[in-house]
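One file, input.csv, carrying CSV, C-alpha atoms:
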```csv
chain,number,residue,atom,x,y,z
I,22,MET,CA,99.4,145.3,-210.8
I,23,HIS,CA,96.8,144.2,-213.4
I,24,SER,CA,94.0,146.0,-211.5
I,25,GLN,CA,95.9,149.2,-211.4
I,26,ALA,CA,96.6,149.1,-215.1
I,27,ALA,CA,92.9,148.4,-215.7
I,28,ALA,CA,91.9,151.3,-213.4
I,29,VAL,CA,94.3,153.7,-215.0
I,30,HIS,CA,93.5,152.7,-218.5
I,31,PRO,CA,89.8,151.7,-218.8
I,32,GLU,CA,90.2,151.1,-222.5
I,33,VAL,CA,92.3,147.9,-221.8
I,34,HIS,CA,89.7,146.7,-219.3
I,35,ASN,CA,88.9,143.0,-219.6
I,36,PRO,CA,85.3,142.9,-221.0
I,37,ALA,CA,84.5,139.8,-218.8
I,38,LEU,CA,85.6,141.7,-215.6
I,39,LEU,CA,82.7,143.3,-213.9
I,40,HIS,CA,83.4,146.9,-212.7
I,41,HIS,CA,83.0,146.2,-209.0
I,42,PHE,CA,85.9,143.7,-209.0
I,43,ALA,CA,89.5,144.7,-208.9
I,44,GLU,CA,90.9,141.8,-210.9
I,45,PRO,CA,89.7,138.5,-212.5
I,46,GLN,CA,91.1,136.4,-209.7
I,47,GLN,CA,89.0,138.3,-207.2
I,48,GLN,CA,85.9,137.9,-209.4
I,49,ARG,CA,86.5,134.1,-209.7
I,50,ASP,CA,87.1,133.8,-205.9
I,51,ALA,CA,83.9,135.7,-205.1
I,52,ALA,CA,81.8,133.4,-207.5
I,53,SER,CA,83.4,130.3,-206.0
I,54,LEU,CA,82.7,131.5,-202.4
I,55,GLY,CA,79.1,132.2,-203.2
I,56,MET,CA,78.6,128.8,-204.7
I,57,TRP,CA,80.3,127.1,-201.7
I,58,ILE,CA,77.9,129.0,-199.4
I,59,PHE,CA,75.0,127.7,-201.5
I,60,LEU,CA,76.4,124.2,-201.3
I,61,ALA,CA,76.7,124.6,-197.5
I,62,THR,CA,72.9,125.2,-197.4
I,63,GLU,CA,72.4,122.2,-199.6
I,64,VAL,CA,74.5,120.0,-197.2
I,65,MET,CA,72.2,121.1,-194.3
I,66,PHE,CA,69.1,120.5,-196.5
I,67,PHE,CA,70.2,116.9,-197.3
I,68,GLY,CA,71.7,116.6,-193.8
I,69,GLY,CA,68.3,116.7,-192.2
I,70,LEU,CA,67.1,113.8,-194.4
I,71,PHE,CA,70.3,111.8,-193.6
I,72,CYS,CA,69.7,112.5,-189.9
I,73,ALA,CA,66.1,111.2,-190.1
I,74,TYR,CA,67.3,108.2,-192.1
I,75,LEU,CA,70.0,107.4,-189.4
I,76,ILE,CA,67.5,107.7,-186.5
I,77,TYR,CA,65.0,105.3,-188.1
I,78,ARG,CA,67.7,103.0,-189.4
I,79,ILE,CA,69.0,102.5,-185.9
I,80,LYS,CA,65.6,102.1,-184.4
I,81,TYR,CA,64.2,99.7,-187.1
I,82,PHE,CA,67.4,98.1,-188.3
I,83,GLY,CA,66.0,94.7,-189.2
I,84,ASP,CA,63.0,96.1,-191.1
I,85,PHE,CA,65.3,98.6,-192.9
I,86,ALA,CA,67.7,95.8,-193.9
I,87,ALA,CA,64.7,93.7,-195.2
I,88,ALA,CA,63.4,96.7,-197.3
I,89,SER,CA,66.9,97.6,-198.5
I,90,GLN,CA,67.4,94.1,-199.9
I,91,THR,CA,64.5,94.5,-202.3
I,92,LEU,CA,66.6,97.1,-204.0
I,93,ASN,CA,68.9,96.1,-206.9
I,94,ALA,CA,72.4,96.8,-205.6
I,95,ALA,CA,73.9,96.1,-209.0
I,96,LEU,CA,71.8,98.9,-210.5
I,97,GLY,CA,72.8,101.2,-207.7
I,98,ALA,CA,76.4,100.5,-208.2
I,99,ALA,CA,76.0,101.0,-212.0
I,100,ASN,CA,74.5,104.4,-211.3
I,101,THR,CA,77.4,105.3,-209.0
I,102,VAL,CA,79.8,104.4,-211.8
I,103,VAL,CA,77.7,106.6,-214.3
I,104,LEU,CA,77.9,109.6,-211.9
I,105,ILE,CA,81.6,109.2,-211.3
I,106,CYS,CA,82.3,109.1,-215.0
I,107,SER,CA,80.1,112.2,-215.4
I,108,SER,CA,82.2,113.9,-212.7
I,109,LEU,CA,85.3,113.1,-214.8
I,110,THR,CA,83.7,114.5,-218.0
I,111,VAL,CA,82.8,117.7,-215.9
I,112,VAL,CA,86.4,118.3,-214.7
I,113,LEU,CA,87.6,117.6,-218.3
I,114,ALA,CA,85.1,120.2,-219.6
I,115,VAL,CA,86.3,122.8,-217.0
I,116,TRP,CA,89.9,122.1,-217.9
I,117,ALA,CA,89.1,122.4,-221.6
I,118,ALA,CA,87.4,125.8,-221.1
I,119,GLN,CA,90.4,127.0,-219.2
I,120,HIS,CA,92.7,125.9,-222.0
I,121,ALA,CA,90.6,127.0,-224.9
I,122,ARG,CA,90.1,123.4,-226.3
I,123,ARG,CA,86.8,123.9,-228.0
I,124,THR,CA,86.2,120.4,-229.3
I,125,MET,CA,87.2,118.8,-226.0
I,126,LEU,CA,84.9,121.2,-224.1
I,127,LEU,CA,81.8,120.5,-226.3
I,128,VAL,CA,82.4,116.7,-226.3
I,129,SER,CA,82.8,116.6,-222.5
I,130,LEU,CA,79.7,118.7,-222.0
I,131,VAL,CA,77.6,116.4,-224.3
I,132,LEU,CA,79.0,113.3,-222.6
I,133,THR,CA,78.1,114.8,-219.2
I,134,ILE,CA,74.5,115.4,-220.3
I,135,ILE,CA,74.2,111.9,-221.8
I,136,LEU,CA,75.5,110.4,-218.5
I,137,GLY,CA,73.1,112.5,-216.6
I,138,PHE,CA,70.2,111.1,-218.6
I,139,ALA,CA,71.6,107.6,-218.3
I,140,PHE,CA,71.5,108.0,-214.5
I,141,LEU,CA,67.9,109.2,-214.6
I,142,GLY,CA,67.0,106.3,-217.0
I,143,ILE,CA,68.3,103.7,-214.6
I,144,LYS,CA,66.6,105.5,-211.7
I,145,ALA,CA,63.3,105.5,-213.6
I,146,ASP,CA,63.6,101.8,-214.2
I,147,GLU,CA,64.1,101.2,-210.5
I,148,TYR,CA,61.1,103.4,-209.6
I,149,LYS,CA,58.9,101.5,-212.1
I,150,GLU,CA,59.8,98.2,-210.3
I,151,LYS,CA,58.9,99.8,-206.9
I,152,PHE,CA,55.4,100.7,-208.3
I,153,GLU,CA,54.9,97.1,-209.7
I,154,LEU,CA,55.9,95.6,-206.4
I,155,HIS,CA,53.6,98.0,-204.4
I,156,HIS,CA,56.7,99.3,-202.5
I,157,VAL,CA,55.6,102.9,-203.0
I,158,PRO,CA,54.4,104.3,-199.6
I,159,GLY,CA,50.7,105.0,-199.6
I,160,ALA,CA,47.3,103.2,-199.6
I,161,SER,CA,48.5,100.3,-201.9
I,162,PHE,CA,51.7,99.7,-200.0
I,163,GLN,CA,52.5,96.0,-199.4
I,164,PHE,CA,55.5,94.4,-197.9
I,165,GLN,CA,56.1,90.8,-197.0
I,166,LYS,CA,59.6,89.8,-196.3
I,167,SER,CA,61.5,88.2,-193.4
I,168,ILE,CA,64.2,90.1,-191.6
I,169,PRO,CA,67.6,89.1,-193.0
I,170,GLY,CA,69.3,86.6,-190.7
I,171,HIS,CA,66.0,85.8,-189.0
I,172,PRO,CA,64.0,83.7,-191.5
I,173,ASP,CA,61.1,83.1,-189.0
I,174,GLN,CA,60.6,86.7,-188.2
I,175,MET,CA,58.6,88.9,-190.6
I,176,ALA,CA,59.6,92.6,-191.1
I,177,ASN,CA,57.0,95.1,-189.9
I,178,PRO,CA,55.4,96.6,-193.1
I,179,GLN,CA,54.9,100.0,-191.3
I,180,HIS,CA,58.6,100.3,-190.6
I,181,ALA,CA,59.5,99.1,-194.1
I,182,GLN,CA,57.2,101.9,-195.4
I,183,ILE,CA,59.3,104.4,-193.5
I,184,TYR,CA,62.3,103.1,-195.3
I,185,PHE,CA,60.7,103.4,-198.7
I,186,ALA,CA,59.4,106.9,-197.8
I,187,LEU,CA,62.9,108.0,-197.0
I,188,TYR,CA,64.2,106.1,-200.1
I,189,PHE,CA,61.8,108.0,-202.4
I,190,ILE,CA,62.3,111.4,-200.7
I,191,MET,CA,66.1,111.2,-200.8
I,192,THR,CA,66.6,109.6,-204.2
I,193,GLY,CA,63.8,111.8,-205.6
I,194,LEU,CA,65.3,115.0,-204.3
I,195,HIS,CA,68.7,113.8,-205.6
I,196,ALA,CA,67.1,113.1,-209.0
I,197,LEU,CA,65.5,116.5,-209.0
I,198,HIS,CA,69.0,118.0,-208.5
I,199,MET,CA,70.2,115.8,-211.4
I,200,ILE,CA,67.4,117.3,-213.6
I,201,VAL,CA,68.4,120.8,-212.6
I,202,GLY,CA,72.1,119.9,-213.3
I,203,ILE,CA,71.2,118.6,-216.8
I,204,GLY,CA,69.4,121.9,-217.4
I,205,ILE,CA,72.5,123.9,-216.2
I,206,PHE,CA,74.8,121.8,-218.4
I,207,THR,CA,72.5,122.2,-221.4
I,208,TRP,CA,72.9,126.0,-220.9
I,209,LEU,CA,76.6,125.6,-220.5
I,210,LEU,CA,76.8,123.6,-223.7
I,211,TYR,CA,74.8,126.4,-225.5
I,212,SER,CA,77.2,129.1,-224.1
I,213,ALA,CA,80.2,127.0,-225.0
I,214,TRP,CA,78.9,126.5,-228.5
I,215,ARG,CA,78.5,130.3,-228.8
I,216,GLY,CA,82.2,130.6,-227.8
I,217,ARG,CA,81.4,132.4,-224.5
I,218,PHE,CA,84.1,130.7,-222.4
I,219,THR,CA,87.7,131.7,-222.7
I,220,PRO,CA,90.8,131.0,-220.6
I,221,GLU,CA,90.2,134.4,-219.0
I,222,TYR,CA,86.5,133.9,-218.4
I,223,ASN,CA,85.0,130.5,-217.6
I,224,THR,CA,83.4,131.1,-214.2
I,225,PRO,CA,80.0,129.5,-215.2
I,226,MET,CA,81.9,126.3,-216.1
I,227,GLU,CA,83.7,126.2,-212.7
I,228,ILE,CA,80.5,127.0,-210.8
I,229,GLY,CA,78.3,124.5,-212.8
I,230,GLY,CA,81.1,121.9,-212.2
I,231,LEU,CA,80.9,122.5,-208.4
I,232,TYR,CA,77.2,121.9,-208.4
I,233,TRP,CA,77.5,118.7,-210.4
I,234,HIS,CA,80.2,117.3,-208.2
I,235,PHE,CA,78.1,118.1,-205.1
I,236,VAL,CA,75.2,116.1,-206.5
I,237,ASP,CA,77.7,113.3,-207.2
I,238,ILE,CA,78.8,113.4,-203.5
I,239,ILE,CA,75.2,113.1,-202.3
I,240,TRP,CA,74.8,109.9,-204.3
I,241,ILE,CA,78.2,108.6,-203.0
I,242,TYR,CA,76.5,108.5,-199.6
I,243,LEU,CA,73.0,107.5,-200.7
I,244,PHE,CA,74.3,104.4,-202.5
I,245,PRO,CA,75.9,102.6,-199.5
I,246,LEU,CA,73.3,103.9,-197.0
I,247,LEU,CA,70.2,102.8,-199.0
I,248,TYR,CA,71.4,99.8,-201.1
I,249,LEU,CA,74.0,98.1,-199.0
I,250,ILE,CA,72.3,97.3,-195.6
I,251,ASP,CA,73.3,93.9,-194.2
I,252,LEU,CA,73.8,92.4,-197.7
I,253,HIS,CA,75.9,89.6,-196.3
I,254,LYS,CA,73.0,88.0,-194.5
W,1,MET,CA,92.0,127.4,-209.0
W,2,SER,CA,93.5,124.4,-210.7
W,3,GLU,CA,97.1,124.6,-212.0
W,4,HIS,CA,97.1,125.3,-215.7
W,5,SER,CA,99.0,122.3,-217.0
W,6,SER,CA,98.2,119.0,-218.7
W,7,SER,CA,99.5,117.1,-215.6
W,8,SER,CA,96.2,117.9,-213.9
W,9,LEU,CA,94.5,115.8,-216.6
W,10,VAL,CA,96.6,112.8,-215.5
W,11,THR,CA,95.5,113.6,-211.9
W,12,TYR,CA,91.8,113.7,-212.9
W,13,VAL,CA,92.0,110.3,-214.6
W,14,GLY,CA,93.8,108.9,-211.6
W,15,ILE,CA,91.2,110.2,-209.2
W,16,TRP,CA,88.4,108.8,-211.4
W,17,ALA,CA,90.1,105.4,-211.3
W,18,ALA,CA,90.3,105.6,-207.5
W,19,LEU,CA,86.6,106.5,-207.3
W,20,ILE,CA,85.7,103.5,-209.5
W,21,PHE,CA,87.9,101.3,-207.3
W,22,GLY,CA,86.1,102.6,-204.2
W,23,THR,CA,82.7,101.9,-205.7
W,24,ILE,CA,83.7,98.3,-206.5
W,25,LEU,CA,85.3,97.9,-203.0
W,26,THR,CA,82.2,99.1,-201.2
W,27,TYR,CA,79.9,96.9,-203.3
W,28,PHE,CA,81.9,93.7,-202.4
W,29,ALA,CA,82.7,94.8,-198.8
W,30,ALA,CA,79.0,94.9,-198.1
W,31,ARG,CA,78.8,91.1,-199.0
W,32,ILE,CA,81.4,90.1,-196.4
W,33,ASP,CA,80.2,89.7,-192.8
W,34,LEU,CA,82.2,92.2,-190.8
W,35,GLY,CA,79.6,92.4,-187.9
W,36,PRO,CA,79.0,95.9,-186.8
W,37,PHE,CA,81.9,97.2,-188.9
W,38,ASN,CA,80.0,96.8,-192.3
W,39,ALA,CA,78.4,100.3,-191.9
W,40,ALA,CA,81.7,101.8,-190.6
W,41,VAL,CA,83.6,100.4,-193.7
W,42,ALA,CA,80.9,101.7,-196.1
W,43,LEU,CA,80.9,105.2,-194.6
W,44,THR,CA,84.7,105.3,-194.5
W,45,ILE,CA,84.9,104.4,-198.2
W,46,ALA,CA,82.1,107.0,-199.0
W,47,THR,CA,83.9,109.7,-197.0
W,48,THR,CA,87.3,108.9,-198.7
W,49,LYS,CA,85.5,109.2,-202.1
W,50,THR,CA,83.9,112.5,-201.0
W,51,LEU,CA,87.4,113.8,-200.0
W,52,LEU,CA,88.8,112.9,-203.4
W,53,VAL,CA,86.0,114.6,-205.3
W,54,ALA,CA,86.1,117.7,-203.1
W,55,LEU,CA,89.9,118.1,-203.0
W,56,PHE,CA,90.7,117.3,-206.7
W,57,PHE,CA,87.5,117.7,-208.8
W,58,MET,CA,86.1,120.7,-206.9
W,59,HIS,CA,89.7,122.1,-206.6
W,60,LEU,CA,89.7,122.6,-202.8
W,61,LYS,CA,93.3,121.4,-202.8
W,62,GLY,CA,95.2,124.5,-203.8
W,63,ALA,CA,92.4,126.9,-203.0
W,64,SER,CA,94.0,130.1,-201.8
W,65,GLU,CA,91.0,131.8,-200.4
W,66,LYS,CA,90.9,131.5,-196.6
W,67,LEU,CA,87.2,132.5,-196.5
W,68,LEU,CA,86.4,129.5,-198.7
W,69,LYS,CA,88.2,127.1,-196.4
W,70,LEU,CA,86.2,128.6,-193.5
W,71,VAL,CA,82.9,128.0,-195.3
W,72,VAL,CA,83.8,124.4,-196.1
W,73,ILE,CA,85.0,123.6,-192.6
W,74,SER,CA,82.0,125.2,-191.0
W,75,THR,CA,79.7,123.3,-193.3
W,76,VAL,CA,81.2,120.0,-192.0
W,77,PHE,CA,81.1,121.3,-188.5
W,78,PHE,CA,77.4,122.2,-188.5
W,79,LEU,CA,76.5,119.0,-190.2
W,80,LEU,CA,78.3,117.1,-187.4
W,81,ILE,CA,76.4,119.2,-184.8
W,82,LEU,CA,73.1,118.3,-186.5
W,83,LEU,CA,73.9,114.5,-186.6
W,84,ALA,CA,75.8,114.2,-183.2
W,85,LEU,CA,73.3,116.2,-181.1
W,86,SER,CA,70.3,114.4,-182.7
W,87,MET,CA,71.9,111.0,-182.1
W,88,ALA,CA,72.7,112.0,-178.5
W,89,ASP,CA,69.0,112.9,-178.0
W,90,TYR,CA,67.4,109.9,-179.7
W,91,GLY,CA,70.1,107.5,-178.5
W,92,THR,CA,69.4,108.2,-174.9
W,93,ARG,CA,65.6,108.3,-175.0
W,94,ALA,CA,63.7,105.4,-173.3
W,95,TRP,CA,60.8,105.4,-175.9
W,96,SER,CA,61.1,102.0,-177.5
```
Structure rendered as structure tokens:
Amino acid sequence: MHSQAAAVHPEVHNPALLHHFAEPQQQRDAASLGMWIFLATEVMFFGGLFCAYLIYRIKYFGDFAAASQTLNAALGAANTVVLICSSLTVVLAVWAAQHARRTMLLVSLVLTIILGFAFLGIKADEYKEKFELHHVPGASFQFQKSIPGHPDQMANPQHAQIYFALYFIMTGLHALHMIVGIGIFTWLLYSAWRGRFTPEYNTPMEIGGLYWHFVDIIWIYLFPLLYLIDLHK
Amino acid sequence: MSEHSSSSLVTYVGIWAALIFGTILTYFAARIDLGPFNAAVALTIATTKTLLVALFFMHLKGASEKLLKLVVISTVFFLLILLALSMADYGTRAWS
């Protein structure tokens, strides 16, 4: 109905509606679909790393548990809470854009960026500790710890090094996604400040939100898999 | 698309509370000895949290586009192929 009106009367055409789409809903659906296909490739990208992690975790379980327990699980949990709170501020920002609440939109976007930096700050502190303890894979790697539940049996440093290699690749790639996410949200904040988003057109908010939530989901799996191995022993 | 009402704000805060609860639950569940079920419990909580984020925050619940659902389901399907077939291979090798 709307599309016919727009086709017959080009002068009432919605300026945000690109000419190759019939109506705004179709334009939004196309953008969402494209983003979800991109996220599908991201799932397979991280999936390969999760697969490598699972294979080595099953093979060297005791060594992985020993290495995992040098991580600060409380900091990992704190970072999970930070990301979940940022996901809330993101959905609030998307909602605010859809309902033309300018102040709420800007505040939510600023909070999201602050929480993103908080996550990276905590992560940087954890990385710093790894360097100090020589737990970074490479020539100066050192690891001396007994296998949890077996006080007389030392963990194999070579196998622990595989754990830390996976730890740095997976959390590092995730942190890189966070940095990209902060960049996207800084651009969204600038666009929102310029008043670019309206209830009729807020696709970048929706798409940016999908990306941020995806990065949150990756961490939801990284946290228990990397930080919480055999903690009860 | 999300429904355009302020009731969705209440839903968002409710989902956020459930996600925080899940995080606390997984943190303390890891400290209880459940034998081989520790990993299963951790992954179940993580998958529940993922479903909450995907359905409500990413607006999959209420998505009308059938093509979108196909993309999401095939993503999970191909991820499971990657994991299941790799595990079937490595799990049955006599290399250790």
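Take the candidates I:Ile190, I:Leu70, I:Ile205, I:Ala176 and check each one against Ala86 in chain I using all atoms listed in the file; the shortest distance goes to I:Ala176.
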Practice task
Identify all chain I residues at most 7 Å from chain W by counting only C-alpha atoms; ligands do not count. Present them as a ChimeraX atom specification.
Solution key: /I:54,57-58,61,65,68,72,98,102,105,109,112,231,234,238,241-242,245,249,251-253
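With CA of Phe164 in chain I on one side and CA of Lys149 in chain I on the other, the separation reads 16.2 Å.
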Problem - Point-to-point distance in Å for CA of Trp214 in chain I and CA of Gln119 in chain I - result: 14.8 Å
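Proximity ranking of I:Thr219, I:Thr192, I:Ser212, I:Gln47 relative to Asn100 in chain I places I:Thr192 first, based on all atoms listed in the file.
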Practice task
Rank nothing, just name the residue among I:His180, I:Val103, I:Ala51, I:Ala196 nearest to Lys66 in chain W, using all atoms listed in the file.
Solution key: I:Ala51
Problem - Who sits within 12 Å of Met125 in chain I, only C-alpha atoms, same chain under 2 positions skipped, as a list of chain:residue names - result: I:Thr110, I:Val111, I:Val112, I:Leu113, I:Ala114, I:Val115, I:Trp116, I:Ala117, I:Ala118, I:Gln119, I:His120, I:Ala121, I:Arg122, I:Arg123, I:Leu127, I:Val128, I:Ser129, I:Leu130, I:Val131, I:Leu132, I:Leu210, I:Ala213, I:Trp214
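Using all atoms listed in the file, the shortest contact distance between Asn177 in chain I and any of I:Leu75, I:Ala88, I:Met191, I:Ile239 is found at I:Ala88.
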Handout entry: Residue neighbourhood Ser161 in chain I, 12 Å, only C-alpha atoms, exclusion window fewer than 4 positions, as number ranges by chain
Key = I: 151-157, 178, 182
Ref. answer, residues at most 12 Å from (68.6, 119.8, -222.0) with only C-alpha atoms, as a PDB file with C-alpha atoms, keeping the file's coordinate frame:
```
ATOM      1  CA  LEU I 130      79.700 118.700-222.000  1.00  0.00           C
ATOM      2  CA  VAL I 131      77.600 116.400-224.300  1.00  0.00           C
ATOM      3  CA  THR I 133      78.100 114.800-219.200  1.00  0.00           C
ATOM      4  CA  ILE I 134      74.500 115.400-220.300  1.00  0.00           C
ATOM      5  CA  ILE I 135      74.200 111.900-221.800  1.00  0.00           C
ATOM      6  CA  GLY I 137      73.100 112.500-216.600  1.00  0.00           C
ATOM      7  CA  PHE I 138      70.200 111.100-218.600  1.00  0.00           C
ATOM      8  CA  MET I 199      70.200 115.800-211.400  1.00  0.00           C
ATOM      9  CA  ILE I 200      67.400 117.300-213.600  1.00  0.00           C
ATOM     10  CA  VAL I 201      68.400 120.800-212.600  1.00  0.00           C
ATOM     11  CA  GLY I 202      72.100 119.900-213.300  1.00  0.00           C
ATOM     12  CA  ILE I 203      71.200 118.600-216.800  1.00  0.00           C
ATOM     13  CA  GLY I 204      69.400 121.900-217.400  1.00  0.00           C
ATOM     14  CA  ILE I 205      72.500 123.900-216.200  1.00  0.00           C
ATOM     15  CA  PHE I 206      74.800 121.800-218.400  1.00  0.00           C
ATOM     16  CA  THR I 207      72.500 122.200-221.400  1.00  0.00           C
ATOM     17  CA  TRP I 208      72.900 126.000-220.900  1.00  0.00           C
ATOM     18  CA  LEU I 209      76.600 125.600-220.500  1.00  0.00           C
ATOM     19  CA  LEU I 210      76.800 123.600-223.700  1.00  0.00           C
ATOM     20  CA  TYR I 211      74.800 126.400-225.500  1.00  0.00           C
TER      21      TYR I 211
END
```
Centre and edge lengths of an axis-aligned box around all listed atoms of range 141-154 of chain I, with 4 Å added on each side, are to be given in Å to one decimal, as JSON.
```
{"center_x": 61.6, "center_y": 102.4, "center_z": -211.7, "size_x": 21.4, "size_y": 21.6, "size_z": 18.6}
```
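Put simply, CA of Leu60 in chain W is 14.9 Å away from CA of Trp233 in chain I.
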